Amino acid sequence: MDSERLEIELKVLQRFLHPSWITYENGTRGEWLYLYAPKGRGNDFTLHIDLRRFPYAPPPVFIDRMLYDRHGNPLDKPDHFCHTLESERGRTQICYYRPTAWQMDESLWMVYTLGSLWLQAYVKWVSSGRLTIDEWIERIRKGQEV
């Protein structure tokens, strides 16, 4: 990503998120953005966004740790129901956007919003066993209570 696009993306994020929630890193491991995503009741997460292919492809998004399903199984491999992909370095990778639908003008704010939505649905599913991500998104589209 060129420096002008990066500057714009970071300004947008800073407009909506507390500055302490945003960490940008460009080092030997590549270009990463870390965004804090609190979900309440002790469910605080950080989204690790790999920027190496952004904006040409949806950036891989990892949660700061391995997440587990309601039965204690790690969400560490591709799973259609849970919307997860292959994990990396002990972190769950989420599936939040269909790669074929990706456009280069998609923003990191949108990536954060979708990642945050995924986490909200995950927390609700683990605590109650109800409401898959797809059901939640469909209710939002219909203007129903979630």
# chains A, B, ... in the order shown; residues from 1 in each chain; ligands from 1
>>> residues_around(residues="A:Lys11", least_positions_apart="5", cutoff="12 Å", atoms="only C-alpha atoms", output="MDAnalysis selection string")
chainID A and resid 4:6 16:19 22 107:109
>>> residues_around(residues="stretch 75-84 of chain A", least_positions_apart="5", cutoff="8 Å", atoms="only C-alpha atoms", output="list in words")
Met66, Leu67, Tyr68, Asp69, Gly90, Arg91, Thr92, Gln93, Ile94, Cys95, Tyr96, Thr132 and Ile133 of chain A
>>> write_last_selection(atoms="C-alpha atoms", output="PDB file, in the first residue's frame")
ATOM      1  CA  MET A  66      -6.973 -18.849  19.499  1.00  0.00           C
ATOM      2  CA  LEU A  67     -10.743 -18.863  19.909  1.00  0.00           C
ATOM      3  CA  TYR A  68     -12.768 -21.957  20.800  1.00  0.00           C
ATOM      4  CA  ASP A  69     -16.225 -23.186  19.926  1.00  0.00           C
ATOM      5  CA  GLY A  90      -1.922 -19.628  17.554  1.00  0.00           C
ATOM      6  CA  ARG A  91      -4.430 -17.052  16.316  1.00  0.00           C
ATOM      7  CA  THR A  92      -7.859 -17.685  14.814  1.00  0.00           C
ATOM      8  CA  GLN A  93      -8.243 -16.273  11.299  1.00  0.00           C
ATOM      9  CA  ILE A  94     -11.728 -15.071  10.423  1.00  0.00           C
ATOM     10  CA  CYS A  95     -13.505 -15.097   7.087  1.00  0.00           C
ATOM     11  CA  TYR A  96     -15.245 -11.751   6.779  1.00  0.00           C
ATOM     12  CA  THR A 132     -25.015 -17.645  13.838  1.00  0.00           C
ATOM     13  CA  ILE A 133     -23.237 -14.815  12.047  1.00  0.00           C
TER      14      ILE A 133
END
>>> closest_residue(among="A:Thr113, A:Gln120, A:Gln14, A:Ser127", to="A:Gly40", atoms="only C-alpha atoms")
A:Gln120
>>> residues_around(residues="A:Tyr24", least_positions_apart="5", cutoff="8 Å", atoms="only C-alpha atoms", output="compact mmCIF listing (two decimals) with N, CA and C atoms, in the first residue's frame")
# COMPACT_ATOMS: atom_id res chain seq x y z
N GLU A 31 3.84 -5.82 7.08
CA GLU A 31 3.08 -4.63 7.42
C GLU A 31 1.78 -5.06 8.10
N TRP A 32 1.58 -4.66 9.35
CA TRP A 32 0.44 -5.08 10.15
C TRP A 32 -0.25 -3.90 10.79
N LEU A 33 -1.54 -4.05 10.99
CA LEU A 33 -2.34 -3.08 11.73
C LEU A 33 -3.02 -3.86 12.85
N TYR A 34 -2.91 -3.34 14.07
CA TYR A 34 -3.53 -3.97 15.23
C TYR A 34 -4.62 -3.02 15.74
>>> atom_distance(atom1="atom CA of A:Leu119", atom2="atom CA of A:Lys39")
7.5 Å
>>> select_by_dssp(residues="stretch 10-145 of chain A", states="alpha helix (DSSP H)", output="VMD selection string")
chain A and resid 10 to 16 108 to 128 133 to 142
>>> write_last_selection(atoms="C-alpha atoms", output="PDB file, in the first residue's frame")
ATOM      1  CA  LEU A  10      -5.163   5.728   9.385  1.00  0.00           C
ATOM      2  CA  LYS A  11      -6.892   9.131   9.539  1.00  0.00           C
ATOM      3  CA  VAL A  12     -10.275   7.486   8.979  1.00  0.00           C
ATOM      4  CA  LEU A  13      -9.596   4.943  11.732  1.00  0.00           C
ATOM      5  CA  GLN A  14      -8.415   7.700  14.096  1.00  0.00           C
ATOM      6  CA  ARG A  15     -11.633   9.600  13.477  1.00  0.00           C
ATOM      7  CA  PHE A  16     -13.749   6.720  14.817  1.00  0.00           C
ATOM      8  CA  LEU A 108      -9.649  -0.619   6.581  1.00  0.00           C
ATOM      9  CA  TRP A 109     -12.532   0.939   8.523  1.00  0.00           C
ATOM     10  CA  MET A 110     -14.850  -1.495   6.716  1.00  0.00           C
ATOM     11  CA  VAL A 111     -12.464  -4.369   7.548  1.00  0.00           C
ATOM     12  CA  TYR A 112     -12.515  -3.317  11.216  1.00  0.00           C
ATOM     13  CA  THR A 113     -16.315  -3.022  11.215  1.00  0.00           C
ATOM     14  CA  LEU A 114     -16.798  -6.486   9.712  1.00  0.00           C
ATOM     15  CA  GLY A 115     -14.205  -8.003  12.054  1.00  0.00           C
ATOM     16  CA  SER A 116     -15.923  -6.369  15.005  1.00  0.00           C
ATOM     17  CA  LEU A 117     -19.301  -7.671  13.803  1.00  0.00           C
ATOM     18  CA  TRP A 118     -17.820 -11.172  13.527  1.00  0.00           C
ATOM     19  CA  LEU A 119     -16.544 -10.928  17.120  1.00  0.00           C
ATOM     20  CA  GLN A 120     -19.899  -9.700  18.417  1.00  0.00           C
ATOM     21  CA  ALA A 121     -21.643 -12.671  16.832  1.00  0.00           C
ATOM     22  CA  TYR A 122     -18.952 -15.046  18.143  1.00  0.00           C
ATOM     23  CA  VAL A 123     -19.334 -13.804  21.731  1.00  0.00           C
ATOM     24  CA  LYS A 124     -23.108 -14.132  21.493  1.00  0.00           C
ATOM     25  CA  TRP A 125     -22.884 -17.629  20.002  1.00  0.00           C
ATOM     26  CA  VAL A 126     -20.423 -18.900  22.630  1.00  0.00           C
ATOM     27  CA  SER A 127     -22.471 -17.494  25.503  1.00  0.00           C
ATOM     28  CA  SER A 128     -25.926 -18.561  24.297  1.00  0.00           C
ATOM     29  CA  ILE A 133     -23.237 -14.815  12.047  1.00  0.00           C
ATOM     30  CA  ASP A 134     -25.394 -15.351   8.951  1.00  0.00           C
ATOM     31  CA  GLU A 135     -28.600 -15.131  11.007  1.00  0.00           C
ATOM     32  CA  TRP A 136     -27.356 -11.965  12.707  1.00  0.00           C
ATOM     33  CA  ILE A 137     -26.461 -10.257   9.434  1.00  0.00           C
ATOM     34  CA  GLU A 138     -29.844 -11.232   7.968  1.00  0.00           C
ATOM     35  CA  ARG A 139     -31.664  -9.747  10.969  1.00  0.00           C
ATOM     36  CA  ILE A 140     -29.718  -6.506  10.603  1.00  0.00           C
ATOM     37  CA  ARG A 141     -30.610  -6.336   6.889  1.00  0.00           C
ATOM     38  CA  LYS A 142     -34.291  -6.760   7.775  1.00  0.00           C
TER      39      LYS A 142
END
>>> closest_residue(among="A:Gln144, A:Phe54, A:Leu35, A:Gly72", to="A:Asp105", atoms="only C-alpha atoms")
A:Phe54
>>> decode(residues="stretch 15-110 of chain A", atoms="C-alpha atoms", output="PDB file, in the first residue's frame")
ATOM      1  CA  ARG A  15     -11.633   9.600  13.477  1.00  0.00           C
ATOM      2  CA  PHE A  16     -13.749   6.720  14.817  1.00  0.00           C
ATOM      3  CA  LEU A  17     -11.441   4.823  17.195  1.00  0.00           C
ATOM      4  CA  HIS A  18      -9.503   5.987  20.222  1.00  0.00           C
ATOM      5  CA  PRO A  19      -5.856   6.536  19.171  1.00  0.00           C
ATOM      6  CA  SER A  20      -4.676   3.993  21.765  1.00  0.00           C
ATOM      7  CA  TRP A  21      -6.731   1.330  19.953  1.00  0.00           C
ATOM      8  CA  ILE A  22      -4.636   1.642  16.768  1.00  0.00           C
ATOM      9  CA  THR A  23      -1.100   0.315  16.267  1.00  0.00           C
ATOM     10  CA  TYR A  24       0.622   0.258  12.890  1.00  0.00           C
ATOM     11  CA  GLU A  25       3.753  -1.834  12.402  1.00  0.00           C
ATOM     12  CA  ASN A  26       6.018  -2.139   9.372  1.00  0.00           C
ATOM     13  CA  GLY A  27       8.932  -4.414  10.159  1.00  0.00           C
ATOM     14  CA  THR A  28      10.638  -7.690   9.414  1.00  0.00           C
ATOM     15  CA  ARG A  29       7.331  -9.609   9.770  1.00  0.00           C
ATOM     16  CA  GLY A  30       5.621  -7.385   7.221  1.00  0.00           C
ATOM     17  CA  GLU A  31       3.076  -4.632   7.420  1.00  0.00           C
ATOM     18  CA  TRP A  32       0.444  -5.084  10.152  1.00  0.00           C
ATOM     19  CA  LEU A  33      -2.336  -3.085  11.730  1.00  0.00           C
ATOM     20  CA  TYR A  34      -3.529  -3.972  15.232  1.00  0.00           C
ATOM     21  CA  LEU A  35      -6.983  -2.684  16.185  1.00  0.00           C
ATOM     22  CA  TYR A  36      -8.501  -3.092  19.630  1.00  0.00           C
ATOM     23  CA  ALA A  37     -12.086  -4.405  19.535  1.00  0.00           C
ATOM     24  CA  PRO A  38     -13.774  -4.444  22.957  1.00  0.00           C
ATOM     25  CA  LYS A  39     -16.957  -6.488  23.180  1.00  0.00           C
ATOM     26  CA  GLY A  40     -17.802  -5.951  26.876  1.00  0.00           C
ATOM     27  CA  ARG A  41     -17.956  -8.252  29.888  1.00  0.00           C
ATOM     28  CA  GLY A  42     -14.250  -9.077  29.677  1.00  0.00           C
ATOM     29  CA  ASN A  43     -14.437  -9.978  25.998  1.00  0.00           C
ATOM     30  CA  ASP A  44     -11.694  -7.696  24.710  1.00  0.00           C
ATOM     31  CA  PHE A  45      -9.943  -8.632  21.489  1.00  0.00           C
ATOM     32  CA  THR A  46      -7.407  -7.195  19.096  1.00  0.00           C
ATOM     33  CA  LEU A  47      -7.745  -7.677  15.346  1.00  0.00           C
ATOM     34  CA  HIS A  48      -4.396  -8.380  13.656  1.00  0.00           C
ATOM     35  CA  ILE A  49      -4.706  -7.224  10.048  1.00  0.00           C
ATOM     36  CA  ASP A  50      -2.028  -8.312   7.558  1.00  0.00           C
ATOM     37  CA  LEU A  51      -1.598  -5.409   5.137  1.00  0.00           C
ATOM     38  CA  ARG A  52       0.859  -7.026   2.703  1.00  0.00           C
ATOM     39  CA  ARG A  53      -1.753  -7.447  -0.075  1.00  0.00           C
ATOM     40  CA  PHE A  54      -4.085  -4.576   0.867  1.00  0.00           C
ATOM     41  CA  PRO A  55      -5.798  -2.916  -1.036  1.00  0.00           C
ATOM     42  CA  TYR A  56      -5.461  -5.433  -3.887  1.00  0.00           C
ATOM     43  CA  ALA A  57      -7.067  -8.263  -1.890  1.00  0.00           C
ATOM     44  CA  PRO A  58      -8.987  -8.528   1.369  1.00  0.00           C
ATOM     45  CA  PRO A  59      -6.377  -8.474   4.120  1.00  0.00           C
ATOM     46  CA  PRO A  60      -6.167 -11.577   6.294  1.00  0.00           C
ATOM     47  CA  VAL A  61      -7.629 -10.815   9.737  1.00  0.00           C
ATOM     48  CA  PHE A  62      -6.572 -12.750  12.813  1.00  0.00           C
ATOM     49  CA  ILE A  63      -7.848 -12.518  16.373  1.00  0.00           C
ATOM     50  CA  ASP A  64      -5.130 -11.925  18.964  1.00  0.00           C
ATOM     51  CA  ARG A  65      -5.493 -15.469  20.303  1.00  0.00           C
ATOM     52  CA  MET A  66      -6.973 -18.849  19.499  1.00  0.00           C
ATOM     53  CA  LEU A  67     -10.743 -18.863  19.909  1.00  0.00           C
ATOM     54  CA  TYR A  68     -12.768 -21.957  20.800  1.00  0.00           C
ATOM     55  CA  ASP A  69     -16.225 -23.186  19.926  1.00  0.00           C
ATOM     56  CA  ARG A  70     -18.906 -23.965  22.497  1.00  0.00           C
ATOM     57  CA  HIS A  71     -17.475 -27.470  22.974  1.00  0.00           C
ATOM     58  CA  GLY A  72     -13.900 -26.336  23.596  1.00  0.00           C
ATOM     59  CA  ASN A  73     -12.580 -27.134  20.114  1.00  0.00           C
ATOM     60  CA  PRO A  74     -10.112 -24.610  18.671  1.00  0.00           C
ATOM     61  CA  LEU A  75     -11.259 -22.500  15.714  1.00  0.00           C
ATOM     62  CA  ASP A  76      -8.010 -23.203  13.895  1.00  0.00           C
ATOM     63  CA  LYS A  77      -9.055 -24.421  10.459  1.00  0.00           C
ATOM     64  CA  PRO A  78     -11.484 -23.495   7.690  1.00  0.00           C
ATOM     65  CA  ASP A  79     -15.053 -23.881   8.869  1.00  0.00           C
ATOM     66  CA  HIS A  80     -18.070 -22.665   6.896  1.00  0.00           C
ATOM     67  CA  PHE A  81     -20.416 -22.448   9.899  1.00  0.00           C
ATOM     68  CA  CYS A  82     -17.955 -20.474  12.050  1.00  0.00           C
ATOM     69  CA  HIS A  83     -16.582 -18.390   9.162  1.00  0.00           C
ATOM     70  CA  THR A  84     -12.974 -19.226  10.001  1.00  0.00           C
ATOM     71  CA  LEU A  85      -9.889 -19.910   7.900  1.00  0.00           C
ATOM     72  CA  GLU A  86      -6.530 -21.574   8.624  1.00  0.00           C
ATOM     73  CA  SER A  87      -5.020 -20.294  11.870  1.00  0.00           C
ATOM     74  CA  GLU A  88      -1.514 -18.894  12.121  1.00  0.00           C
ATOM     75  CA  ARG A  89       0.826 -18.678  15.119  1.00  0.00           C
ATOM     76  CA  GLY A  90      -1.922 -19.628  17.554  1.00  0.00           C
ATOM     77  CA  ARG A  91      -4.430 -17.052  16.316  1.00  0.00           C
ATOM     78  CA  THR A  92      -7.859 -17.685  14.814  1.00  0.00           C
ATOM     79  CA  GLN A  93      -8.243 -16.273  11.299  1.00  0.00           C
ATOM     80  CA  ILE A  94     -11.728 -15.071  10.423  1.00  0.00           C
ATOM     81  CA  CYS A  95     -13.505 -15.097   7.087  1.00  0.00           C
ATOM     82  CA  TYR A  96     -15.245 -11.751   6.779  1.00  0.00           C
ATOM     83  CA  TYR A  97     -15.359 -10.981   3.039  1.00  0.00           C
ATOM     84  CA  ARG A  98     -15.698 -13.019  -0.145  1.00  0.00           C
ATOM     85  CA  PRO A  99     -12.399 -12.533  -2.051  1.00  0.00           C
ATOM     86  CA  THR A 100     -14.180 -12.418  -5.417  1.00  0.00           C
ATOM     87  CA  ALA A 101     -16.337  -9.503  -4.221  1.00  0.00           C
ATOM     88  CA  TRP A 102     -13.380  -7.427  -3.023  1.00  0.00           C
ATOM     89  CA  GLN A 103     -12.821  -4.013  -4.628  1.00  0.00           C
ATOM     90  CA  MET A 104      -9.635  -1.942  -4.247  1.00  0.00           C
ATOM     91  CA  ASP A 105     -11.596   0.971  -2.788  1.00  0.00           C
ATOM     92  CA  GLU A 106     -12.665  -1.043   0.289  1.00  0.00           C
ATOM     93  CA  SER A 107     -11.377   0.593   3.459  1.00  0.00           C
ATOM     94  CA  LEU A 108      -9.649  -0.619   6.581  1.00  0.00           C
ATOM     95  CA  TRP A 109     -12.532   0.939   8.523  1.00  0.00           C
ATOM     96  CA  MET A 110     -14.850  -1.495   6.716  1.00  0.00           C
TER      97      MET A 110
END
